[in-house]
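Peer 1: This is the content of coords.cif (mmCIF, N, CA and C atoms and all ligand atoms):
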data_upload
loop_
_atom_site.label_atom_id
_atom_site.label_comp_id
_atom_site.auth_asym_id
_atom_site.auth_seq_id
_atom_site.Cartn_x
_atom_site.Cartn_y
_atom_site.Cartn_z
N MET A 1 -9.29 -24.22 8.23
CA MET A 1 -8.58 -23.18 7.49
C MET A 1 -9.30 -22.88 6.18
N GLY A 2 -9.22 -21.65 5.77
CA GLY A 2 -9.84 -21.24 4.50
C GLY A 2 -8.94 -21.55 3.32
N ASN A 3 -9.29 -20.98 2.20
CA ASN A 3 -8.50 -21.14 1.00
C ASN A 3 -7.17 -20.39 1.17
N GLU A 4 -6.09 -21.12 1.12
CA GLU A 4 -4.76 -20.53 1.31
C GLU A 4 -4.42 -19.48 0.24
N ARG A 5 -5.10 -19.59 -0.89
CA ARG A 5 -4.77 -18.68 -1.98
C ARG A 5 -5.53 -17.36 -1.88
N ALA A 6 -6.60 -17.34 -1.06
CA ALA A 6 -7.39 -16.11 -0.93
C ALA A 6 -6.67 -15.14 0.01
N PRO A 7 -6.71 -13.85 -0.30
CA PRO A 7 -6.15 -12.86 0.64
C PRO A 7 -6.81 -13.03 2.00
N HIS A 8 -6.06 -12.90 3.09
CA HIS A 8 -6.64 -13.15 4.42
C HIS A 8 -7.20 -11.91 5.10
N LYS A 9 -6.80 -10.74 4.61
CA LYS A 9 -7.42 -9.52 5.14
C LYS A 9 -7.05 -8.31 4.30
N ILE A 10 -7.74 -7.20 4.55
CA ILE A 10 -7.30 -5.93 3.97
C ILE A 10 -6.14 -5.50 4.85
N GLU A 11 -4.97 -5.58 4.30
CA GLU A 11 -3.76 -5.26 5.07
C GLU A 11 -3.72 -3.76 5.41
N HIS A 12 -3.98 -2.93 4.40
CA HIS A 12 -4.13 -1.50 4.67
C HIS A 12 -4.81 -0.81 3.49
N ILE A 13 -5.21 0.43 3.72
CA ILE A 13 -5.73 1.27 2.64
C ILE A 13 -4.76 2.43 2.49
N GLY A 14 -4.25 2.61 1.28
CA GLY A 14 -3.25 3.65 1.03
C GLY A 14 -3.91 4.95 0.58
N ILE A 15 -3.54 6.05 1.24
CA ILE A 15 -4.11 7.36 0.92
C ILE A 15 -2.98 8.32 0.57
N ALA A 16 -3.08 8.92 -0.61
CA ALA A 16 -2.05 9.87 -1.06
C ALA A 16 -2.31 11.23 -0.43
N VAL A 17 -1.28 11.80 0.19
CA VAL A 17 -1.40 13.13 0.79
C VAL A 17 -0.20 13.99 0.41
N LYS A 18 -0.40 15.31 0.42
CA LYS A 18 0.69 16.21 0.08
C LYS A 18 1.68 16.33 1.24
N SER A 19 1.14 16.28 2.44
CA SER A 19 1.99 16.48 3.61
C SER A 19 1.48 15.68 4.81
N LEU A 20 2.31 14.77 5.30
CA LEU A 20 1.93 13.98 6.49
C LEU A 20 1.69 14.92 7.66
N GLU A 21 2.58 15.87 7.78
CA GLU A 21 2.53 16.81 8.90
C GLU A 21 1.16 17.52 8.96
N ASN A 22 0.64 17.86 7.79
CA ASN A 22 -0.64 18.58 7.76
C ASN A 22 -1.84 17.70 8.05
N VAL A 23 -1.77 16.43 7.66
CA VAL A 23 -2.97 15.59 7.82
C VAL A 23 -2.96 14.73 9.08
N LEU A 24 -1.77 14.49 9.65
CA LEU A 24 -1.73 13.61 10.82
C LEU A 24 -2.58 14.07 12.00
N PRO A 25 -2.63 15.36 12.29
CA PRO A 25 -3.48 15.79 13.42
C PRO A 25 -4.94 15.34 13.28
N PHE A 26 -5.46 15.31 12.05
CA PHE A 26 -6.84 14.85 11.85
C PHE A 26 -6.98 13.39 12.30
N TYR A 27 -6.04 12.55 11.88
CA TYR A 27 -6.12 11.13 12.20
C TYR A 27 -5.84 10.83 13.67
N VAL A 28 -4.88 11.56 14.23
CA VAL A 28 -4.46 11.27 15.60
C VAL A 28 -5.31 12.01 16.64
N GLU A 29 -5.53 13.30 16.40
CA GLU A 29 -6.24 14.09 17.41
C GLU A 29 -7.75 14.06 17.26
N GLN A 30 -8.22 14.03 16.01
CA GLN A 30 -9.66 14.01 15.81
C GLN A 30 -10.23 12.59 15.77
N LEU A 31 -9.57 11.70 15.00
CA LEU A 31 -10.09 10.32 14.92
C LEU A 31 -9.54 9.44 16.05
N HIS A 32 -8.51 9.91 16.72
CA HIS A 32 -7.90 9.18 17.85
C HIS A 32 -7.28 7.86 17.44
N LEU A 33 -6.77 7.77 16.23
CA LEU A 33 -6.09 6.55 15.80
C LEU A 33 -4.66 6.56 16.31
N HIS A 34 -4.13 5.33 16.48
CA HIS A 34 -2.77 5.20 16.99
C HIS A 34 -1.76 5.22 15.84
N LEU A 35 -0.82 6.16 15.91
CA LEU A 35 0.24 6.25 14.90
C LEU A 35 1.32 5.22 15.25
N GLU A 36 1.47 4.22 14.38
CA GLU A 36 2.45 3.16 14.64
C GLU A 36 3.87 3.59 14.31
N GLY A 37 3.98 4.45 13.32
CA GLY A 37 5.32 4.89 12.94
C GLY A 37 5.33 5.52 11.57
N ILE A 38 6.46 6.17 11.29
CA ILE A 38 6.65 6.82 9.99
C ILE A 38 7.95 6.28 9.42
N GLU A 39 7.95 5.91 8.16
CA GLU A 39 9.21 5.47 7.54
C GLU A 39 9.27 5.86 6.08
N GLU A 40 10.48 5.92 5.56
CA GLU A 40 10.66 6.23 4.14
C GLU A 40 10.81 4.94 3.36
N VAL A 41 10.10 4.87 2.24
CA VAL A 41 10.24 3.70 1.37
C VAL A 41 10.89 4.19 0.09
N ASN A 42 12.17 3.84 -0.06
CA ASN A 42 12.94 4.38 -1.18
C ASN A 42 12.46 3.88 -2.53
N SER A 43 12.00 2.62 -2.58
CA SER A 43 11.57 2.06 -3.86
C SER A 43 10.41 2.86 -4.46
N GLU A 44 9.59 3.49 -3.61
CA GLU A 44 8.43 4.26 -4.10
C GLU A 44 8.62 5.76 -3.94
N GLN A 45 9.74 6.16 -3.38
CA GLN A 45 10.01 7.57 -3.08
C GLN A 45 8.86 8.22 -2.34
N VAL A 46 8.53 7.59 -1.22
CA VAL A 46 7.48 8.11 -0.35
C VAL A 46 7.88 8.01 1.11
N LYS A 47 7.22 8.84 1.90
CA LYS A 47 7.30 8.75 3.35
C LYS A 47 5.93 8.25 3.76
N VAL A 48 5.87 7.19 4.55
CA VAL A 48 4.57 6.64 4.91
C VAL A 48 4.35 6.66 6.42
N ALA A 49 3.10 6.88 6.79
CA ALA A 49 2.69 6.81 8.19
C ALA A 49 1.62 5.74 8.29
N PHE A 50 1.78 4.85 9.27
CA PHE A 50 0.78 3.80 9.47
C PHE A 50 -0.04 4.08 10.71
N LEU A 51 -1.37 4.03 10.53
CA LEU A 51 -2.28 4.23 11.65
C LEU A 51 -3.11 2.96 11.81
N ARG A 52 -2.99 2.35 12.97
CA ARG A 52 -3.73 1.10 13.18
C ARG A 52 -5.21 1.37 13.37
N ILE A 53 -6.02 0.54 12.73
CA ILE A 53 -7.47 0.66 12.91
C ILE A 53 -8.02 -0.76 12.92
N GLY A 54 -8.18 -1.32 14.13
CA GLY A 54 -8.60 -2.72 14.29
C GLY A 54 -7.59 -3.66 13.68
N GLU A 55 -8.07 -4.55 12.81
CA GLU A 55 -7.24 -5.56 12.15
C GLU A 55 -6.40 -4.98 11.02
N THR A 56 -6.72 -3.74 10.64
CA THR A 56 -6.08 -3.20 9.45
C THR A 56 -5.41 -1.86 9.77
N ARG A 57 -4.99 -1.18 8.73
CA ARG A 57 -4.29 0.09 8.92
C ARG A 57 -4.65 1.07 7.82
N ILE A 58 -4.46 2.32 8.13
CA ILE A 58 -4.48 3.34 7.09
C ILE A 58 -3.02 3.71 6.85
N GLU A 59 -2.65 3.73 5.57
CA GLU A 59 -1.28 4.08 5.19
C GLU A 59 -1.33 5.42 4.47
N LEU A 60 -0.77 6.45 5.11
CA LEU A 60 -0.72 7.76 4.47
C LEU A 60 0.60 7.87 3.71
N LEU A 61 0.52 8.26 2.45
CA LEU A 61 1.72 8.33 1.60
C LEU A 61 2.00 9.74 1.14
N GLU A 62 3.17 10.23 1.51
CA GLU A 62 3.60 11.56 1.07
C GLU A 62 4.79 11.39 0.12
N PRO A 63 4.72 11.98 -1.09
CA PRO A 63 5.85 11.83 -2.01
C PRO A 63 7.08 12.56 -1.50
N THR A 64 8.27 11.96 -1.72
CA THR A 64 9.51 12.61 -1.31
C THR A 64 10.26 13.19 -2.51
N SER A 65 9.74 12.92 -3.72
CA SER A 65 10.33 13.54 -4.92
C SER A 65 9.29 13.64 -6.02
N LYS A 66 9.61 14.42 -7.04
CA LYS A 66 8.68 14.59 -8.17
C LYS A 66 8.61 13.34 -9.03
N HIS A 67 9.52 12.41 -8.81
CA HIS A 67 9.52 11.17 -9.58
C HIS A 67 8.70 10.08 -8.91
N SER A 68 8.20 10.39 -7.73
CA SER A 68 7.39 9.41 -7.00
C SER A 68 6.06 9.18 -7.71
N PRO A 69 5.62 7.92 -7.81
CA PRO A 69 4.30 7.66 -8.38
C PRO A 69 3.18 8.39 -7.62
N ILE A 70 3.41 8.63 -6.33
CA ILE A 70 2.40 9.33 -5.52
C ILE A 70 2.34 10.81 -5.90
N TYR A 71 3.49 11.38 -6.23
CA TYR A 71 3.51 12.77 -6.68
C TYR A 71 2.68 12.91 -7.95
N LYS A 72 2.90 11.97 -8.88
CA LYS A 72 2.18 12.01 -10.16
C LYS A 72 0.68 11.79 -9.95
N PHE A 73 0.35 10.90 -9.03
CA PHE A 73 -1.05 10.63 -8.72
C PHE A 73 -1.74 11.90 -8.21
N ILE A 74 -1.09 12.60 -7.27
CA ILE A 74 -1.69 13.81 -6.68
C ILE A 74 -1.82 14.92 -7.74
N GLU A 75 -0.80 15.04 -8.61
CA GLU A 75 -0.85 16.02 -9.69
C GLU A 75 -2.08 15.81 -10.57
N LYS A 76 -2.34 14.53 -10.86
CA LYS A 76 -3.39 14.17 -11.80
C LYS A 76 -4.77 14.15 -11.16
N ARG A 77 -4.87 13.61 -9.96
CA ARG A 77 -6.20 13.36 -9.38
C ARG A 77 -6.43 14.02 -8.03
N GLY A 78 -5.40 14.64 -7.50
CA GLY A 78 -5.54 15.25 -6.18
C GLY A 78 -5.33 14.22 -5.08
N GLU A 79 -5.38 14.67 -3.83
CA GLU A 79 -5.21 13.77 -2.71
C GLU A 79 -6.40 12.81 -2.65
N GLY A 80 -6.19 11.65 -2.05
CA GLY A 80 -7.31 10.72 -1.87
C GLY A 80 -6.86 9.28 -1.84
N ILE A 81 -7.85 8.38 -1.90
CA ILE A 81 -7.55 6.94 -1.82
C ILE A 81 -6.72 6.53 -3.03
N HIS A 82 -5.61 5.89 -2.76
CA HIS A 82 -4.67 5.51 -3.81
C HIS A 82 -4.71 4.01 -4.10
N HIS A 83 -4.68 3.19 -3.06
CA HIS A 83 -4.72 1.74 -3.28
C HIS A 83 -5.27 1.00 -2.07
N ILE A 84 -5.64 -0.26 -2.34
CA ILE A 84 -6.07 -1.17 -1.28
C ILE A 84 -5.08 -2.32 -1.26
N ALA A 85 -4.53 -2.60 -0.09
CA ALA A 85 -3.54 -3.67 0.02
C ALA A 85 -4.17 -4.92 0.61
N LEU A 86 -3.97 -6.03 -0.09
CA LEU A 86 -4.51 -7.32 0.35
C LEU A 86 -3.39 -8.16 0.93
N GLY A 87 -3.60 -8.65 2.14
CA GLY A 87 -2.61 -9.51 2.77
C GLY A 87 -2.67 -10.91 2.17
N VAL A 88 -1.54 -11.37 1.64
CA VAL A 88 -1.48 -12.72 1.05
C VAL A 88 -0.36 -13.52 1.69
N ASN A 89 -0.42 -14.84 1.50
CA ASN A 89 0.58 -15.71 2.12
C ASN A 89 1.82 -15.95 1.27
N ASP A 90 1.63 -16.17 -0.01
CA ASP A 90 2.78 -16.45 -0.86
C ASP A 90 2.70 -15.58 -2.11
N ILE A 91 3.27 -14.40 -1.99
CA ILE A 91 3.12 -13.39 -3.05
C ILE A 91 3.68 -13.87 -4.39
N GLN A 92 4.80 -14.58 -4.33
CA GLN A 92 5.43 -15.08 -5.57
C GLN A 92 4.46 -15.99 -6.33
N ASP A 93 3.83 -16.89 -5.62
CA ASP A 93 2.86 -17.82 -6.23
C ASP A 93 1.65 -17.08 -6.78
N ARG A 94 1.16 -16.11 -5.99
CA ARG A 94 -0.02 -15.36 -6.42
C ARG A 94 0.26 -14.60 -7.72
N LEU A 95 1.45 -14.00 -7.80
CA LEU A 95 1.81 -13.23 -8.99
C LEU A 95 1.91 -14.14 -10.21
N LYS A 96 2.50 -15.30 -10.01
CA LYS A 96 2.65 -16.27 -11.09
C LYS A 96 1.28 -16.68 -11.62
N GLU A 97 0.39 -16.94 -10.66
CA GLU A 97 -0.96 -17.39 -11.00
C GLU A 97 -1.74 -16.30 -11.75
N LEU A 98 -1.65 -15.06 -11.25
CA LEU A 98 -2.37 -13.94 -11.87
C LEU A 98 -1.85 -13.70 -13.29
N LYS A 99 -0.54 -13.74 -13.42
CA LYS A 99 0.09 -13.51 -14.72
C LYS A 99 -0.36 -14.58 -15.71
N ALA A 100 -0.39 -15.82 -15.26
CA ALA A 100 -0.81 -16.93 -16.11
C ALA A 100 -2.27 -16.78 -16.55
N SER A 101 -3.07 -16.08 -15.72
CA SER A 101 -4.48 -15.86 -16.06
C SER A 101 -4.68 -14.62 -16.91
N GLY A 102 -3.59 -13.96 -17.27
CA GLY A 102 -3.70 -12.79 -18.14
C GLY A 102 -4.01 -11.49 -17.42
N ILE A 103 -3.84 -11.48 -16.11
CA ILE A 103 -4.05 -10.25 -15.33
C ILE A 103 -2.83 -9.36 -15.49
N GLN A 104 -3.06 -8.07 -15.77
CA GLN A 104 -1.94 -7.13 -15.92
C GLN A 104 -1.35 -6.77 -14.57
N LEU A 105 -0.05 -6.91 -14.47
CA LEU A 105 0.64 -6.59 -13.21
C LEU A 105 1.55 -5.39 -13.42
N ILE A 106 1.63 -4.53 -12.42
CA ILE A 106 2.60 -3.43 -12.48
C ILE A 106 3.97 -3.97 -12.07
N ASN A 107 3.98 -4.84 -11.08
CA ASN A 107 5.23 -5.50 -10.65
C ASN A 107 5.10 -7.00 -10.86
N LYS A 108 5.95 -7.53 -11.71
CA LYS A 108 5.90 -8.97 -11.98
C LYS A 108 6.63 -9.76 -10.91
N THR A 109 7.53 -9.07 -10.22
CA THR A 109 8.21 -9.70 -9.09
C THR A 109 8.05 -8.77 -7.88
N PRO A 110 8.01 -9.34 -6.68
CA PRO A 110 7.78 -8.52 -5.48
C PRO A 110 8.96 -7.58 -5.21
N LYS A 111 8.63 -6.43 -4.62
CA LYS A 111 9.68 -5.53 -4.16
C LYS A 111 9.49 -5.27 -2.67
N LEU A 112 10.47 -4.59 -2.10
CA LEU A 112 10.44 -4.35 -0.66
C LEU A 112 9.53 -3.18 -0.33
N GLY A 113 8.54 -3.42 0.55
CA GLY A 113 7.64 -2.36 0.97
C GLY A 113 7.96 -1.91 2.39
N ALA A 114 7.09 -1.08 2.94
CA ALA A 114 7.28 -0.59 4.31
C ALA A 114 7.16 -1.76 5.29
N GLY A 115 7.83 -1.64 6.43
CA GLY A 115 7.72 -2.64 7.48
C GLY A 115 8.20 -4.02 7.05
N ASN A 116 9.22 -4.06 6.18
CA ASN A 116 9.82 -5.34 5.77
C ASN A 116 8.84 -6.28 5.08
N THR A 117 7.91 -5.71 4.34
CA THR A 117 6.95 -6.55 3.63
C THR A 117 7.42 -6.71 2.18
N LYS A 118 6.88 -7.74 1.53
CA LYS A 118 7.08 -7.90 0.10
C LYS A 118 5.78 -7.47 -0.57
N ILE A 119 5.90 -6.58 -1.55
CA ILE A 119 4.69 -6.03 -2.17
C ILE A 119 4.77 -6.08 -3.70
N ALA A 120 3.60 -6.05 -4.33
CA ALA A 120 3.51 -5.94 -5.79
C ALA A 120 2.12 -5.39 -6.12
N PHE A 121 2.06 -4.58 -7.17
CA PHE A 121 0.78 -3.97 -7.55
C PHE A 121 0.16 -4.64 -8.77
N ILE A 122 -1.15 -4.79 -8.73
CA ILE A 122 -1.92 -5.28 -9.88
C ILE A 122 -2.38 -4.04 -10.65
N HIS A 123 -2.33 -4.08 -11.96
CA HIS A 123 -2.72 -2.91 -12.75
C HIS A 123 -4.23 -2.64 -12.63
N PRO A 124 -4.61 -1.37 -12.40
CA PRO A 124 -6.05 -1.05 -12.27
C PRO A 124 -6.86 -1.43 -13.51
N LYS A 125 -6.20 -1.54 -14.66
CA LYS A 125 -6.92 -1.94 -15.88
C LYS A 125 -7.50 -3.34 -15.74
N SER A 126 -6.87 -4.14 -14.91
CA SER A 126 -7.35 -5.51 -14.72
C SER A 126 -8.27 -5.64 -13.51
N ALA A 127 -8.54 -4.51 -12.84
CA ALA A 127 -9.32 -4.58 -11.60
C ALA A 127 -10.34 -3.44 -11.52
N SER A 128 -11.04 -3.20 -12.61
CA SER A 128 -12.09 -2.17 -12.69
C SER A 128 -11.69 -0.85 -12.02
N GLY A 129 -10.47 -0.42 -12.34
CA GLY A 129 -10.05 0.90 -11.90
C GLY A 129 -9.48 0.98 -10.50
N VAL A 130 -9.42 -0.15 -9.79
CA VAL A 130 -8.87 -0.14 -8.44
C VAL A 130 -7.41 -0.60 -8.48
N LEU A 131 -6.55 0.15 -7.82
CA LEU A 131 -5.16 -0.27 -7.70
C LEU A 131 -5.03 -1.15 -6.46
N TYR A 132 -4.75 -2.44 -6.68
CA TYR A 132 -4.56 -3.37 -5.57
C TYR A 132 -3.09 -3.64 -5.37
N GLU A 133 -2.71 -3.68 -4.11
CA GLU A 133 -1.35 -4.07 -3.75
C GLU A 133 -1.45 -5.42 -3.06
N LEU A 134 -0.61 -6.35 -3.47
CA LEU A 134 -0.50 -7.60 -2.71
C LEU A 134 0.63 -7.39 -1.73
N CYS A 135 0.44 -7.90 -0.53
CA CYS A 135 1.38 -7.60 0.54
C CYS A 135 1.62 -8.84 1.37
N GLU A 136 2.87 -9.25 1.44
CA GLU A 136 3.21 -10.42 2.25
C GLU A 136 4.11 -10.01 3.40
N LYS A 137 3.65 -10.33 4.60
CA LYS A 137 4.44 -10.00 5.79
C LYS A 137 5.57 -11.00 5.92
N ARG A 138 6.70 -10.55 6.42
CA ARG A 138 7.78 -11.49 6.70
C ARG A 138 7.46 -12.28 7.95
N GLU A 139 8.09 -13.43 8.07
CA GLU A 139 7.90 -14.29 9.24
C GLU A 139 8.01 -13.49 10.53
N GLY A 140 7.11 -13.77 11.44
CA GLY A 140 7.17 -13.17 12.77
C GLY A 140 6.82 -11.68 12.80
N ASN A 141 6.26 -11.19 11.73
CA ASN A 141 5.93 -9.77 11.65
C ASN A 141 4.46 -9.55 11.96
ZN ZN A 201 0.46 0.20 0.49
#
Let me see whether you can do it: turn the structure in this file into structure tokens.

Peer 2:
Amino acid sequence: MGNERAPHKIEHIGIAVKSLENVLPFYVEQLHLHLEGIEEVNSEQVKVAFLRIGETRIELLEPTSKHSPIYKFIEKRGEGIHHIALGVNDIQDRLKELKASGIQLINKTPKLGAGNTKIAFIHPKSASGVLYELCEKREGN
């Protein structure tokens, strides 16, 4: 076994889009990726679509309100790559450890993400401009 504290994979790559309906045909019909499902995540005010690609996924995020962080992101920077999600085993421990090391966190405690996951974001200021999401799958998921 490897280091239990290291992320075990890129869980997904999050891409901000204005409209799932408009971009899904590119992913499904042109790239031939499998659409796993679409769900609304109320904590982030987004509608997300997951497309499986090998061990990982592409997560398309469409804002459902003007208060969504994704809406603000698109306003400011346009559509595009929004975050990289790292699969971790014990998100609570990882957050505690990062905080103790002086890493800036957007979420100090995990919140509920899509697909029954626990998620938290690390501030891009602490990660050379990259927004990282830590993502812990629930048992049996
Ligand atoms: Zn994500």

Peer 1: May I have a table of the residues of chain A lying at most 7 Å from ligand ZN 201 (chain A), giving each one's closest pair of atoms and their distance in Å to one decimal, counting only C-alpha atoms and all ligand atoms, ordered by chain and ascending residue number, as a tab-separated table?

Peer 2:
residue	atom	partner	partner_atom	distance
A:His12	CA	A:ZN201	ZN	6.4
A:Ile13	CA	A:ZN201	ZN	6.6
A:Gly14	CA	A:ZN201	ZN	5.1
A:Glu59	CA	A:ZN201	ZN	6.3
A:His83	CA	A:ZN201	ZN	6.6
A:Ile84	CA	A:ZN201	ZN	6.9
A:Ala85	CA	A:ZN201	ZN	5.6
A:Glu133	CA	A:ZN201	ZN	6.3

Peer 1: Mind the document's chain letters and residue numbers, and return as an MDAnalysis selection string the residues of range 4-37 of chain A that DSSP labels strand (DSSP E or B).

Peer 2: chainID A and resid 9:16 34:37

Peer 1: Hey, what's within 6 Å of Gln45 in chain A if we count only N, CA and C atoms and toss same-chain stuff fewer than 5 positions away? As JSON, numbers by chain, please?

Peer 2: {"A": [62, 63, 64, 65, 68]}

Peer 1: Save the residues we just selected, N, CA and C atoms, as a tab-separated table (two decimals), in the frame of the given file?

Peer 2:
chain	number	residue	atom	x	y	z
A	62	GLU	N	3.17	10.23	1.51
A	62	GLU	CA	3.60	11.56	1.07
A	62	GLU	C	4.79	11.39	0.12
A	63	PRO	N	4.72	11.98	-1.09
A	63	PRO	CA	5.85	11.83	-2.01
A	63	PRO	C	7.08	12.56	-1.50
A	64	THR	N	8.27	11.96	-1.72
A	64	THR	CA	9.51	12.61	-1.31
A	64	THR	C	10.26	13.19	-2.51
A	65	SER	N	9.74	12.92	-3.72
A	65	SER	CA	10.33	13.54	-4.92
A	65	SER	C	9.29	13.64	-6.02
A	68	SER	N	8.20	10.39	-7.73
A	68	SER	CA	7.39	9.41	-7.00
A	68	SER	C	6.06	9.18	-7.71

Peer 1: Between CA of Gly37 in chain A and CA of Gln92 in chain A, measure the distance and give it in Å to one decimal.

Peer 2: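 These atoms are spaced 27.2 Å apart.
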
Peer 1: Counting all atoms listed in the file, which of A:Lys76, A:Ala49, A:Glu4, A:Ser126 gets nearest to Gly102 in chain A?

Peer 2: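 Using all atoms listed in the file, the shortest distance to Gly102 in chain A belongs to A:Ser126.
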
Peer 1: Please return as a list in words every residue within 7 Å of (0.9, 4.6, 7.5), taking into account all atoms listed in the file and the file's own coordinates.

Peer 2: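 Protein and nucleic acid residues near the point are Glu36, Gly37, Ile38, Val48, Ala49, Phe50, Leu51, Arg57, Ile58, Glu59, Leu60 and Leu61 of chain A.
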